[in-house]
Amino acid sequence: MRHRRPFVAGNWKMNPATVAEAVALARAIVLATAQARVVEIAIAPPAVALLAVRDAIAASDVTLAVQDVHEHEKGAYTGGISAAMLRGIVTYVIVGHSEVRRDRGDTDARVNAKLRRALDAGLRPILCVGEMLEVRHSGRADEFVRGQVRAALSDVAMGQASRVTIAYEPIWAIGTGVPAHGEDARTTIAAAREEVGVLFGAATAHAVRMLYGGSVTGESIAEFAEQPGIDGALVGGASLVSDEFARICAAVGVARTRA
Ligand code: PEP
């Protein structure tokens, strides 16, 4: 079976303040991560900076992601960006981020529609799933995450599922400075992988990359990168600091080399 390439994606959210700063950050990340060759690295700047950042990273191995996509193909959706518009600009599309679920009312059904649009356009979705703290405390986190995976991958064609990356991001760990425990992330990610297996078979379950996200730093990454079945990280705050982001990428590479 083919080995999954480790993967670190940086979600810049609504940062930095200007397109010029986004270009400068992208250049700094290219320089800082130049050694981390075993790891695939993606950055997701704000949509308005995508073209400028694409040009800034063109000569590097760093790939580009968008933070969201519209669930419809085209039409009267003011402010929307369709998957087809992103073709040729980005490789990855983040879908189902908990901030989008929370702030823009994305339901599981809408996340599913976005994910399928992305796949149909030849893009690679990074599907975010993760539970609230009450769900974790009630002991139902794995079951909840399996349900999100099942809903998001509904009606995805067998041949397309392995192009999805799943990021397990417990909501209570995002931006709080309190990451999950590595062992909990490992078991929930194993449950998500098992669900992919139920839906698409063992080979696809093996092929799908699984990331951990939630307050990952250069310090905390080792706890996750060394867990079997965790292929890297989706990084928010720490992806805005090139050296810190590079530390995370390097740690993921080292963990893979040791595995
Ligand atoms: C995220 O928003 O995807 C994320 C993981 O954020 P942070 O690393 O800041 O917790």
# chains A, B, ... in the order shown; residues from 1 in each chain; ligands from 1
$ residues_near_ligand --ligand "ligand 1" --cutoff "7 Å" --atoms "only C-alpha atoms and all ligand atoms" --output "list in words"
Asn11, His97, Glu169, Ala173, Ile174, Gly175, Thr176, Gly177, Gly213, Gly214, Ser215, Val216, Leu234, Val235, Gly236, Gly237 and Ala238 of chain A
$ write_last_selection --atoms "N, CA, C and O atoms" --output "tab-separated table (two decimals), in the first residue's frame"
chain	number	residue	atom	x	y	z
A	11	ASN	N	-3.91	27.74	7.99
A	11	ASN	CA	-5.14	28.51	7.73
A	11	ASN	C	-4.96	29.91	8.32
A	11	ASN	O	-4.99	30.08	9.54
A	97	HIS	N	-14.93	24.18	8.15
A	97	HIS	CA	-14.22	24.73	9.32
A	97	HIS	C	-15.26	25.16	10.36
A	97	HIS	O	-16.30	25.72	10.02
A	169	GLU	N	-10.50	18.65	14.26
A	169	GLU	CA	-10.26	19.88	15.00
A	169	GLU	C	-11.31	20.03	16.10
A	169	GLU	O	-12.41	20.57	15.84
A	173	ALA	N	-10.51	23.30	21.16
A	173	ALA	CA	-9.05	23.43	21.09
A	173	ALA	C	-8.62	24.51	20.10
A	173	ALA	O	-7.45	24.90	20.06
A	174	ILE	N	-9.56	25.01	19.28
A	174	ILE	CA	-9.19	25.96	18.23
A	174	ILE	C	-9.02	27.36	18.81
A	174	ILE	O	-9.95	27.93	19.39
A	175	GLY	N	-7.81	27.88	18.66
A	175	GLY	CA	-7.53	29.26	19.08
A	175	GLY	C	-7.56	29.48	20.59
A	175	GLY	O	-7.58	30.62	21.04
A	176	THR	N	-7.58	28.41	21.36
A	176	THR	CA	-7.69	28.56	22.81
A	176	THR	C	-6.35	28.43	23.51
A	176	THR	O	-6.23	28.74	24.70
A	177	GLY	N	-5.36	27.91	22.81
A	177	GLY	CA	-4.08	27.64	23.46
A	177	GLY	C	-4.10	26.33	24.24
A	177	GLY	O	-3.13	25.99	24.91
A	213	GLY	N	-5.91	19.38	14.26
A	213	GLY	CA	-5.86	20.85	14.34
A	213	GLY	C	-6.43	21.33	15.66
A	213	GLY	O	-7.40	20.76	16.17
A	214	GLY	N	-5.85	22.40	16.19
A	214	GLY	CA	-6.34	22.98	17.44
A	214	GLY	C	-5.17	23.35	18.33
A	214	GLY	O	-4.58	22.49	18.99
A	215	SER	N	-4.78	24.66	18.28
A	215	SER	CA	-3.70	25.18	19.13
A	215	SER	C	-2.38	24.44	18.93
A	215	SER	O	-1.63	24.23	19.89
A	216	VAL	N	-2.11	24.05	17.69
A	216	VAL	CA	-0.81	23.42	17.41
A	216	VAL	C	0.27	24.50	17.38
A	216	VAL	O	0.10	25.56	16.77
A	234	LEU	N	-3.45	20.80	10.75
A	234	LEU	CA	-4.04	22.04	10.21
A	234	LEU	C	-3.79	23.09	11.29
A	234	LEU	O	-4.17	22.91	12.44
A	235	VAL	N	-3.13	24.17	10.90
A	235	VAL	CA	-2.59	25.12	11.86
A	235	VAL	C	-3.20	26.49	11.63
A	235	VAL	O	-3.19	26.99	10.50
A	236	GLY	N	-3.74	27.11	12.67
A	236	GLY	CA	-4.28	28.45	12.56
A	236	GLY	C	-3.24	29.48	12.97
A	236	GLY	O	-2.35	29.83	12.19
A	237	GLY	N	-3.34	29.96	14.21
A	237	GLY	CA	-2.50	31.06	14.70
A	237	GLY	C	-1.01	30.90	14.39
A	237	GLY	O	-0.36	31.85	13.94
A	238	ALA	N	-0.48	29.71	14.63
A	238	ALA	CA	0.97	29.52	14.46
A	238	ALA	C	1.40	29.55	13.00
A	238	ALA	O	2.59	29.64	12.70
$ residues_around --residues "Arg258 in chain A" --least-positions-apart "6" --cutoff "12 Å" --atoms "only C-alpha atoms" --output "list in words"
Ala222, Ala225, Glu226, Gln227, Pro228, Ala251 and Val252 of chain A
$ select_by_dssp --residues "range 52-239 of chain A" --states "strand (DSSP E)" --output "list in words"
Thr63, Leu64, Ala65, Val66, Tyr92, Val93, Ile94, Val95, Arg124, Pro125, Ile126, Leu127, Cys128, Val129, Thr165, Ile166, Ala167, Tyr168, Arg209, Met210, Leu211, Tyr212, Gly213, Gly232, Ala233, Leu234 and Val235 of chain A
$ residues_around --residues "Arg110 in chain A" --least-positions-apart "4" --cutoff "10 Å" --atoms "only C-alpha atoms" --output "list in words"
His70, Glu71, His72, Val95, Gly96, Arg101, Gly105, Asp106, Lys114, Leu115, Arg116, Ala151 and Ala152 of chain A
$ write_last_selection --atoms "N, CA and C atoms" --output "compact mmCIF listing (two decimals), in the first residue's frame"
# COMPACT_ATOMS: atom_id res chain seq x y z
N HIS A 70 -18.16 28.21 -2.29
CA HIS A 70 -19.63 28.24 -2.31
C HIS A 70 -20.17 26.86 -2.69
N GLU A 71 -21.36 26.55 -2.20
CA GLU A 71 -21.91 25.21 -2.47
C GLU A 71 -22.62 25.13 -3.82
N HIS A 72 -22.87 26.27 -4.45
CA HIS A 72 -23.51 26.24 -5.76
C HIS A 72 -22.50 26.49 -6.86
N VAL A 95 -13.11 22.90 3.82
CA VAL A 95 -14.57 22.92 3.95
C VAL A 95 -14.95 22.45 5.36
N GLY A 96 -16.02 23.07 5.86
CA GLY A 96 -16.54 22.64 7.16
C GLY A 96 -15.76 23.15 8.35
N ARG A 101 -18.92 26.95 10.05
CA ARG A 101 -20.15 26.30 10.51
C ARG A 101 -20.86 27.23 11.51
N GLY A 105 -23.40 29.55 9.30
CA GLY A 105 -24.49 28.58 9.35
C GLY A 105 -24.30 27.35 8.49
N ASP A 106 -23.06 26.96 8.24
CA ASP A 106 -22.87 25.75 7.44
C ASP A 106 -23.37 24.53 8.18
N LYS A 114 -20.47 21.52 -0.57
CA LYS A 114 -19.21 22.22 -0.87
C LYS A 114 -18.11 21.21 -1.22
N LEU A 115 -18.05 20.16 -0.43
CA LEU A 115 -17.01 19.15 -0.65
C LEU A 115 -17.16 18.51 -2.04
N ARG A 116 -18.41 18.23 -2.41
CA ARG A 116 -18.61 17.59 -3.71
C ARG A 116 -18.32 18.56 -4.85
N ALA A 151 -21.75 12.31 7.02
CA ALA A 151 -22.59 13.31 6.35
C ALA A 151 -21.80 14.05 5.26
N ALA A 152 -20.58 14.41 5.56
CA ALA A 152 -19.79 15.21 4.61
C ALA A 152 -19.42 14.40 3.37
$ closest_residue --among "A:Gly147, A:Gly182, A:Pro6, A:Pro45" --to "Val66 in chain A" --atoms "only C-alpha atoms"
A:Pro45
$ atom_distance --atom1 "CA of Ile126 in chain A" --atom2 "CA of Val93 in chain A"
5.9 Å
$ closest_residue --among "A:Met158, A:Ile221, A:Ala118, A:Val198" --to "Ala180 in chain A" --atoms "only C-alpha atoms"
A:Ile221
$ atom_distance --atom1 "CA of Val48 in chain A" --atom2 "CA of Thr18 in chain A"
9.3 Å
$ select_by_dssp --residues "range 109-237 of chain A" --states "helix (DSSP H, G or I)" --output "PyMOL selection string"
chain A and resi 109-120+133-137+141-152+161-163+171-173+182-200+202-207+221-225+237
$ residues_around --residues "range 25-34 of chain A" --least-positions-apart "4" --cutoff "12 Å" --atoms "only C-alpha atoms" --output "number ranges by chain"
A: 8-10, 12, 15-21, 38-46, 49-64, 238-253
$ closest_residue --among "A:Leu133, A:Arg117, A:Glu183, A:Phe200" --to "Arg150 in chain A" --atoms "only C-alpha atoms"
A:Phe200
$ atom_distance --atom1 "CA of Val196 in chain A" --atom2 "CA of Ser162 in chain A"
9.3 Å
$ residues_around --residues "Pro170 in chain A" --least-positions-apart "2" --cutoff "10 Å" --atoms "only C-alpha atoms" --output "VMD selection string"
chain A and resid 98 128 to 133 135 to 136 141 145 167 to 168 172 to 174 179 to 180 185 188 212 to 215
$ decode --residues "range 187-205 of chain A" --atoms "N, CA, C and O atoms" --output "PDB file, in the first residue's frame"
ATOM      1  N   THR A 187      -7.323   8.431  18.961  1.00  0.00           N
ATOM      2  CA  THR A 187      -8.471   7.522  18.923  1.00  0.00           C
ATOM      3  C   THR A 187      -9.612   8.108  18.094  1.00  0.00           C
ATOM      4  O   THR A 187     -10.282   7.382  17.353  1.00  0.00           O
ATOM      5  N   THR A 188      -9.820   9.413  18.171  1.00  0.00           N
ATOM      6  CA  THR A 188     -10.913  10.001  17.379  1.00  0.00           C
ATOM      7  C   THR A 188     -10.569   9.942  15.888  1.00  0.00           C
ATOM      8  O   THR A 188     -11.437   9.660  15.054  1.00  0.00           O
ATOM      9  N   ILE A 189      -9.314  10.183  15.575  1.00  0.00           N
ATOM     10  CA  ILE A 189      -8.899  10.095  14.171  1.00  0.00           C
ATOM     11  C   ILE A 189      -8.997   8.643  13.677  1.00  0.00           C
ATOM     12  O   ILE A 189      -9.413   8.387  12.541  1.00  0.00           O
ATOM     13  N   ALA A 190      -8.684   7.699  14.541  1.00  0.00           N
ATOM     14  CA  ALA A 190      -8.839   6.280  14.155  1.00  0.00           C
ATOM     15  C   ALA A 190     -10.313   5.975  13.887  1.00  0.00           C
ATOM     16  O   ALA A 190     -10.646   5.235  12.945  1.00  0.00           O
ATOM     17  N   ALA A 191     -11.196   6.570  14.684  1.00  0.00           N
ATOM     18  CA  ALA A 191     -12.635   6.354  14.472  1.00  0.00           C
ATOM     19  C   ALA A 191     -13.061   6.959  13.135  1.00  0.00           C
ATOM     20  O   ALA A 191     -13.835   6.361  12.372  1.00  0.00           O
ATOM     21  N   ALA A 192     -12.538   8.155  12.824  1.00  0.00           N
ATOM     22  CA  ALA A 192     -12.870   8.805  11.546  1.00  0.00           C
ATOM     23  C   ALA A 192     -12.367   7.944  10.379  1.00  0.00           C
ATOM     24  O   ALA A 192     -13.061   7.754   9.371  1.00  0.00           O
ATOM     25  N   ARG A 193     -11.178   7.386  10.548  1.00  0.00           N
ATOM     26  CA  ARG A 193     -10.624   6.544   9.473  1.00  0.00           C
ATOM     27  C   ARG A 193     -11.461   5.269   9.310  1.00  0.00           C
ATOM     28  O   ARG A 193     -11.709   4.812   8.192  1.00  0.00           O
ATOM     29  N   GLU A 194     -11.896   4.732  10.442  1.00  0.00           N
ATOM     30  CA  GLU A 194     -12.731   3.529  10.383  1.00  0.00           C
ATOM     31  C   GLU A 194     -14.029   3.836   9.627  1.00  0.00           C
ATOM     32  O   GLU A 194     -14.503   3.038   8.827  1.00  0.00           O
ATOM     33  N   GLU A 195     -14.582   5.025   9.873  1.00  0.00           N
ATOM     34  CA  GLU A 195     -15.824   5.412   9.189  1.00  0.00           C
ATOM     35  C   GLU A 195     -15.586   5.513   7.675  1.00  0.00           C
ATOM     36  O   GLU A 195     -16.432   5.093   6.883  1.00  0.00           O
ATOM     37  N   VAL A 196     -14.454   6.066   7.288  1.00  0.00           N
ATOM     38  CA  VAL A 196     -14.131   6.127   5.857  1.00  0.00           C
ATOM     39  C   VAL A 196     -14.065   4.713   5.291  1.00  0.00           C
ATOM     40  O   VAL A 196     -14.544   4.445   4.182  1.00  0.00           O
ATOM     41  N   GLY A 197     -13.534   3.792   6.080  1.00  0.00           N
ATOM     42  CA  GLY A 197     -13.457   2.391   5.651  1.00  0.00           C
ATOM     43  C   GLY A 197     -14.832   1.781   5.466  1.00  0.00           C
ATOM     44  O   GLY A 197     -15.065   1.044   4.502  1.00  0.00           O
ATOM     45  N   VAL A 198     -15.747   2.095   6.393  1.00  0.00           N
ATOM     46  CA  VAL A 198     -17.115   1.570   6.271  1.00  0.00           C
ATOM     47  C   VAL A 198     -17.744   2.084   4.973  1.00  0.00           C
ATOM     48  O   VAL A 198     -18.422   1.369   4.247  1.00  0.00           O
ATOM     49  N   LEU A 199     -17.475   3.346   4.667  1.00  0.00           N
ATOM     50  CA  LEU A 199     -18.104   3.974   3.500  1.00  0.00           C
ATOM     51  C   LEU A 199     -17.443   3.575   2.182  1.00  0.00           C
ATOM     52  O   LEU A 199     -18.126   3.394   1.175  1.00  0.00           O
ATOM     53  N   PHE A 200     -16.116   3.485   2.191  1.00  0.00           N
ATOM     54  CA  PHE A 200     -15.400   3.367   0.906  1.00  0.00           C
ATOM     55  C   PHE A 200     -14.417   2.192   0.838  1.00  0.00           C
ATOM     56  O   PHE A 200     -13.740   2.022  -0.174  1.00  0.00           O
ATOM     57  N   GLY A 201     -14.290   1.446   1.912  1.00  0.00           N
ATOM     58  CA  GLY A 201     -13.393   0.292   1.891  1.00  0.00           C
ATOM     59  C   GLY A 201     -12.022   0.599   2.487  1.00  0.00           C
ATOM     60  O   GLY A 201     -11.640   1.765   2.673  1.00  0.00           O
ATOM     61  N   ALA A 202     -11.289  -0.487   2.752  1.00  0.00           N
ATOM     62  CA  ALA A 202     -10.032  -0.386   3.499  1.00  0.00           C
ATOM     63  C   ALA A 202      -8.951   0.391   2.746  1.00  0.00           C
ATOM     64  O   ALA A 202      -8.186   1.151   3.351  1.00  0.00           O
ATOM     65  N   ALA A 203      -8.892   0.226   1.426  1.00  0.00           N
ATOM     66  CA  ALA A 203      -7.817   0.897   0.682  1.00  0.00           C
ATOM     67  C   ALA A 203      -7.991   2.414   0.749  1.00  0.00           C
ATOM     68  O   ALA A 203      -7.022   3.166   0.939  1.00  0.00           O
ATOM     69  N   THR A 204      -9.238   2.881   0.631  1.00  0.00           N
ATOM     70  CA  THR A 204      -9.484   4.324   0.715  1.00  0.00           C
ATOM     71  C   THR A 204      -9.222   4.822   2.140  1.00  0.00           C
ATOM     72  O   THR A 204      -8.613   5.882   2.328  1.00  0.00           O
ATOM     73  N   ALA A 205      -9.644   4.051   3.123  1.00  0.00           N
ATOM     74  CA  ALA A 205      -9.397   4.449   4.517  1.00  0.00           C
ATOM     75  C   ALA A 205      -7.902   4.599   4.761  1.00  0.00           C
ATOM     76  O   ALA A 205      -7.460   5.512   5.461  1.00  0.00           O
TER      77      ALA A 205
END
